[in-house]
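A.B. asks: Once you've had a glance at the structure underneath, I'll fire off some questions.
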Amino acid sequence: MSTTTKIQPRALVRASGGPRYAVALAVDALGTGLLRPFLLLYGVTVLRLSAPATGIAMTVGIVAGLVCMPAVGRWLDRGARSTVVAASMLVRVVGVALLLATPAGHVWLFGTAALFLGVGNQAWPAAHAALVATVTHGRERDAALAGGRALRNAGLGVGALLATVCLAGGTTALQALAAVTGLAYLAAAALAWSVRLHARPAATPAEDGTDGPAPRMRALLAANVIYVFCLNVPEIALPLVLVTQLHASPVWSAAIFVANTVLVVTLQVPVTVLMSRFSRRSVLALAGVVLAASYLGFLVATSLGHGWGAPAVAAVSVVCTLGEIIYTGSATALVTALAPAQVLGRTLARFELSTGFGLAVSPTVITALAPHGPTALWGSLAAATLVSASAVAIEKDHGTAEQDQGTAQRPLPPGPSKPASSAIASGDGVK
């Protein structure tokens, strides 16, 4: 059985949409890293809003952004690709402009800015996945999606680091960071639009098995809501536990977050390639098992008390990050493999709805469970994740666009990948 064990960087870039698109992703991620981690701080310090009002406005913006996903899915199914990616970036330019124009104390205008930022943040993952699925296929597509996530995490990390250094400048620095973010989104949108990739799913031959209704994926979508909690563990759950329960220095939380970012950037593609010898559904179920094991590890680590608790939590966080890497490397890839070409956009939109919902509710669930003790928090997360993994493993695929077999595809070739569906494009060698 062949496996995707060798990936040439240039081939990976081509499979991800081309050099110009890769630059657009990097610029967009850099801009997002400059502002998104400090948006709450912007509302509190620059606009002088209360912390609860700022948090509510941000949450409402994120949830309201999910409402746009059905329209995004239909737009993608009409063949749009790079245009939707560019639009998701331009919408965020509007959000940043509104943010800069918001006078102090105006929570509703801040909420409107958060809405536009939320729409762009929710629309981008589905649009990006649809674009990658159009220019490549099979396990090459899995590696390309993993490469895009690694690149995005690198940009987010660099942006957040630069923003942290600039925060010494106070409110003026936050406003400057917002302005730079808007310019970065604008530049990224121009680069993404210049790729000019447009798909024609209807032209895909029927014998490829790509015509059919959208897969229901009920178990997969429900499980994804639980799986996605892992993305908020390093940012919310672990800082909360380390500071309030173990009374550890905030340095531990910062170190865990940095380690998480570095591991995702360096291991996302290799781990995804390594897992390509197994079926995507099996890998996704395995991710749930690894995440559940890490949650139980956190339960044991927190029982060690102040002295050894923090180092133990940091060690277990590596296992949690590995579970996150396996999950993110297989989930979207499985969805794109299951979706018929003509409903790829709507299928990805439904998946992104479940992701967005999980990200929206996970902070509330985590902060509600934490005061009841480690068993309530980590035991509940472990049990829910194991149930989700079981549901993913036993769900049957009917009429899938691409059979999810255990056999892997060939290594990435040195030349451009064959499109998964009929597409036309200009620039970056995508034909």
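Letters for chains follow the order of the structure tokens (A, B, ...), residue numbers begin at 1 for each chain, and ligand numbers begin at 1 in the order shown.
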Please return as a VMD selection string: the residues of segment 204-427 of chain A that backbone DSSP assigns to helix (DSSP H, G or I).

C.D. replies: chain A and resid 206 to 208 218 to 244 250 to 277 280 to 302 305 to 338 341 to 372 374 to 394

A.B. asks: Show me a table, sorted first by chain and then by increasing residue number, of the residues of segment 42-90 of chain A having an atom at most 12 Å from segment 351-367 of chain A, each with its shortest atom pair and the distance in Å to one decimal, counting only C-alpha atoms and written as a tab-separated table.

C.D. replies:
```
residue	atom	partner	partner_atom	distance
A:Gly55	CA	A:Pro363	CA	11.3
A:Ile56	CA	A:Ala360	CA	11.3
A:Met58	CA	A:Ala360	CA	10.1
A:Thr59	CA	A:Ala360	CA	7.0
A:Val60	CA	A:Ala360	CA	9.3
A:Gly61	CA	A:Ala360	CA	10.3
A:Ile62	CA	A:Ala360	CA	7.2
A:Val63	CA	A:Ala360	CA	6.8
A:Ala64	CA	A:Gly356	CA	10.3
A:Gly65	CA	A:Gly356	CA	8.9
A:Leu66	CA	A:Leu353	CA	6.1
A:Val67	CA	A:Leu353	CA	8.5
A:Cys68	CA	A:Leu353	CA	9.5
A:Met69	CA	A:Leu353	CA	6.9
A:Pro70	CA	A:Leu353	CA	8.9
A:Ala71	CA	A:Leu353	CA	11.9
A:Val72	CA	A:Glu352	CA	10.6
A:Gly73	CA	A:Glu352	CA	9.9
```

A.B. asks: Which residue gives the smallest distance to Leu41 of chain A among A:Thr171, A:Arg20, A:Leu25, A:Tyr185, with only C-alpha atoms counted?

C.D. replies: A:Thr171

A.B. asks: Looking at A:Leu274, A:Leu263, A:Ala144, A:Ile236, which one is nearest to Gly18 of chain A, with distances taken over only C-alpha atoms?

C.D. replies: A:Ala144

A.B. asks: Give me the residues near Leu34 of chain A as a ChimeraX atom specification, where near means some atom within 10 Å (using only C-alpha atoms) and where sequence neighbours in that chain fewer than 4 positions away do not count.

C.D. replies: /A:29-30,38-39,155-164,166,174,176-181,184

A.B. asks: Write a file of the selected residues as a tab-separated table (two decimals), in the first residue's frame, keeping N, CA and C atoms.

C.D. replies:
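Printed below is result.tsv as written:
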```
chain	number	residue	atom	x	y	z
A	29	ALA	N	-3.43	35.91	7.70
A	29	ALA	CA	-3.20	35.37	9.04
A	29	ALA	C	-2.39	36.33	9.90
A	30	LEU	N	-1.41	36.99	9.31
A	30	LEU	CA	-0.61	37.97	10.05
A	30	LEU	C	-1.49	39.10	10.56
A	38	PHE	N	-6.67	40.60	20.68
A	38	PHE	CA	-6.75	41.80	21.52
A	38	PHE	C	-8.02	42.62	21.25
A	39	LEU	N	-8.99	42.00	20.58
A	39	LEU	CA	-10.22	42.72	20.27
A	39	LEU	C	-10.98	43.09	21.54
A	155	GLY	N	1.31	32.47	10.74
A	155	GLY	CA	0.98	33.89	10.60
A	155	GLY	C	0.29	34.45	11.82
A	156	LEU	N	-0.64	33.68	12.38
A	156	LEU	CA	-1.33	34.13	13.60
A	156	LEU	C	-0.35	34.30	14.75
A	157	GLY	N	0.58	33.36	14.89
A	157	GLY	CA	1.55	33.44	15.98
A	157	GLY	C	2.47	34.64	15.83
A	158	VAL	N	2.97	34.87	14.63
A	158	VAL	CA	3.85	36.02	14.40
A	158	VAL	C	3.09	37.32	14.63
A	159	GLY	N	1.85	37.39	14.14
A	159	GLY	CA	1.06	38.59	14.33
A	159	GLY	C	0.79	38.87	15.80
A	160	ALA	N	0.44	37.84	16.55
A	160	ALA	CA	0.17	38.01	17.98
A	160	ALA	C	1.44	38.43	18.72
A	161	LEU	N	2.58	37.88	18.32
A	161	LEU	CA	3.84	38.25	18.96
A	161	LEU	C	4.17	39.72	18.70
A	162	LEU	N	4.03	40.16	17.45
A	162	LEU	CA	4.28	41.57	17.12
A	162	LEU	C	3.33	42.48	17.89
A	163	ALA	N	2.05	42.07	17.97
A	163	ALA	CA	1.07	42.90	18.68
A	163	ALA	C	1.41	42.99	20.16
A	164	THR	N	1.87	41.90	20.75
A	164	THR	CA	2.24	41.90	22.16
A	164	THR	C	3.36	42.90	22.43
A	166	CYS	N	3.99	45.53	20.68
A	166	CYS	CA	3.50	46.90	20.44
A	166	CYS	C	2.54	47.40	21.50
A	174	LEU	N	-2.97	50.12	19.94
A	174	LEU	CA	-4.09	49.27	19.56
A	174	LEU	C	-4.79	49.79	18.32
A	176	ALA	N	-3.40	51.64	16.00
A	176	ALA	CA	-2.48	51.42	14.88
A	176	ALA	C	-2.51	49.96	14.43
A	177	LEU	N	-2.57	49.04	15.39
A	177	LEU	CA	-2.65	47.62	15.04
A	177	LEU	C	-3.92	47.32	14.26
A	178	ALA	N	-5.03	47.94	14.66
A	178	ALA	CA	-6.28	47.74	13.92
A	178	ALA	C	-6.15	48.25	12.49
A	179	ALA	N	-5.53	49.42	12.33
A	179	ALA	CA	-5.36	49.97	10.98
A	179	ALA	C	-4.48	49.07	10.12
A	180	VAL	N	-3.40	48.56	10.68
A	180	VAL	CA	-2.52	47.66	9.93
A	180	VAL	C	-3.26	46.38	9.57
A	181	THR	N	-4.11	45.91	10.50
A	181	THR	CA	-4.91	44.71	10.22
A	181	THR	C	-5.81	44.93	9.02
A	184	ALA	N	-3.80	44.79	5.92
A	184	ALA	CA	-3.41	43.42	5.62
A	184	ALA	C	-4.56	42.64	4.99
```

A.B. asks: Here is a test: counting only C-alpha atoms, which residue of A:Thr54, A:Ser82, A:Ser249, A:Asn153 is nearest to Val107 of chain A?

C.D. replies: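 Of A:Thr54, A:Ser82, A:Ser249, A:Asn153, the one nearest Val107 of chain A is A:Thr54, counting only C-alpha atoms.
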
A.B. asks: When you count only C-alpha atoms, which of these residues is closest to Gly105 of chain A: A:Ser390, A:Thr45, A:Ser88, A:Ser330?

C.D. replies: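 Ranked by minimum distance to Gly105 of chain A, first place goes to A:Thr45.
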
A.B. asks: Closest to Ile256 of chain A among A:Gly147, A:Pro234, A:Gly323, A:Gly169, using only C-alpha atoms?

C.D. replies: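 For Ile256 of chain A, the nearest of the candidates is A:Pro234.
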
A.B. asks: Would you kindly return, as a ChimeraX atom specification, each protein, DNA or RNA residue with an atom no farther than 9 Å from any atom of Gln268 of chain A, considering only C-alpha atoms and excluding same-chain residues fewer than 4 positions away?

C.D. replies: /A:143,146-147,149-150,263-264,272-273,322,325-326,328-329

A.B. asks: How about saving the chosen residues, C-alpha atoms kept, as a PDB file, in the first residue's frame?

C.D. replies:
```
ATOM      1  CA  ALA A 143      -1.801  17.502   2.779  1.00  0.00           C
ATOM      2  CA  ALA A 146      -2.882  20.700   6.461  1.00  0.00           C
ATOM      3  CA  GLY A 147      -0.261  22.937   4.896  1.00  0.00           C
ATOM      4  CA  ARG A 149      -3.520  25.409   8.463  1.00  0.00           C
ATOM      5  CA  ALA A 150       0.169  25.282   9.392  1.00  0.00           C
ATOM      6  CA  LEU A 263       3.768  22.105  17.359  1.00  0.00           C
ATOM      7  CA  VAL A 264       0.855  22.792  15.005  1.00  0.00           C
ATOM      8  CA  THR A 272      -1.454  14.333   8.322  1.00  0.00           C
ATOM      9  CA  VAL A 273       0.829  12.595   5.829  1.00  0.00           C
ATOM     10  CA  LEU A 322      -1.354  16.037  19.002  1.00  0.00           C
ATOM     11  CA  ILE A 325      -3.462  18.080  14.922  1.00  0.00           C
ATOM     12  CA  ILE A 326      -4.970  14.700  14.058  1.00  0.00           C
ATOM     13  CA  THR A 328      -7.874  19.196  12.117  1.00  0.00           C
ATOM     14  CA  GLY A 329      -5.925  17.138   9.596  1.00  0.00           C
TER      15      GLY A 329
END
```

A.B. asks: So that I can see what lies close to Leu344 of chain A, please list as a compact mmCIF listing (two decimals) with all heavy atoms, in the first residue's frame the residues with an atom at most 7 Å from it, counting only C-alpha atoms and leaving out residues fewer than 6 positions away in the same chain.

C.D. replies:
```
# COMPACT_ATOMS: atom_id res chain seq x y z
N ASP A 77 -21.33 26.74 -4.41
CA ASP A 77 -21.87 25.72 -5.30
C ASP A 77 -22.20 26.26 -6.69
O ASP A 77 -22.41 25.48 -7.62
CB ASP A 77 -23.13 25.09 -4.68
CG ASP A 77 -22.79 24.16 -3.52
OD1 ASP A 77 -21.64 23.67 -3.48
OD2 ASP A 77 -23.65 23.93 -2.66
N ALA A 130 -12.99 24.80 -0.06
CA ALA A 130 -13.56 24.57 -1.39
C ALA A 130 -12.55 24.88 -2.48
O ALA A 130 -12.45 24.17 -3.48
CB ALA A 130 -14.82 25.43 -1.57
N THR A 336 -14.76 17.01 2.69
CA THR A 336 -14.58 17.25 1.26
C THR A 336 -14.62 15.95 0.47
O THR A 336 -15.03 15.93 -0.70
CB THR A 336 -13.25 17.98 0.98
OG1 THR A 336 -12.17 17.21 1.51
CG2 THR A 336 -13.25 19.36 1.63
```

A.B. asks: Any idea what the distance is between atom CA of Val96 of chain A and atom CA of Trp193 of chain A?

C.D. replies: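 Atom CA of Trp193 of chain A lies 19.6 Å from atom CA of Val96 of chain A.
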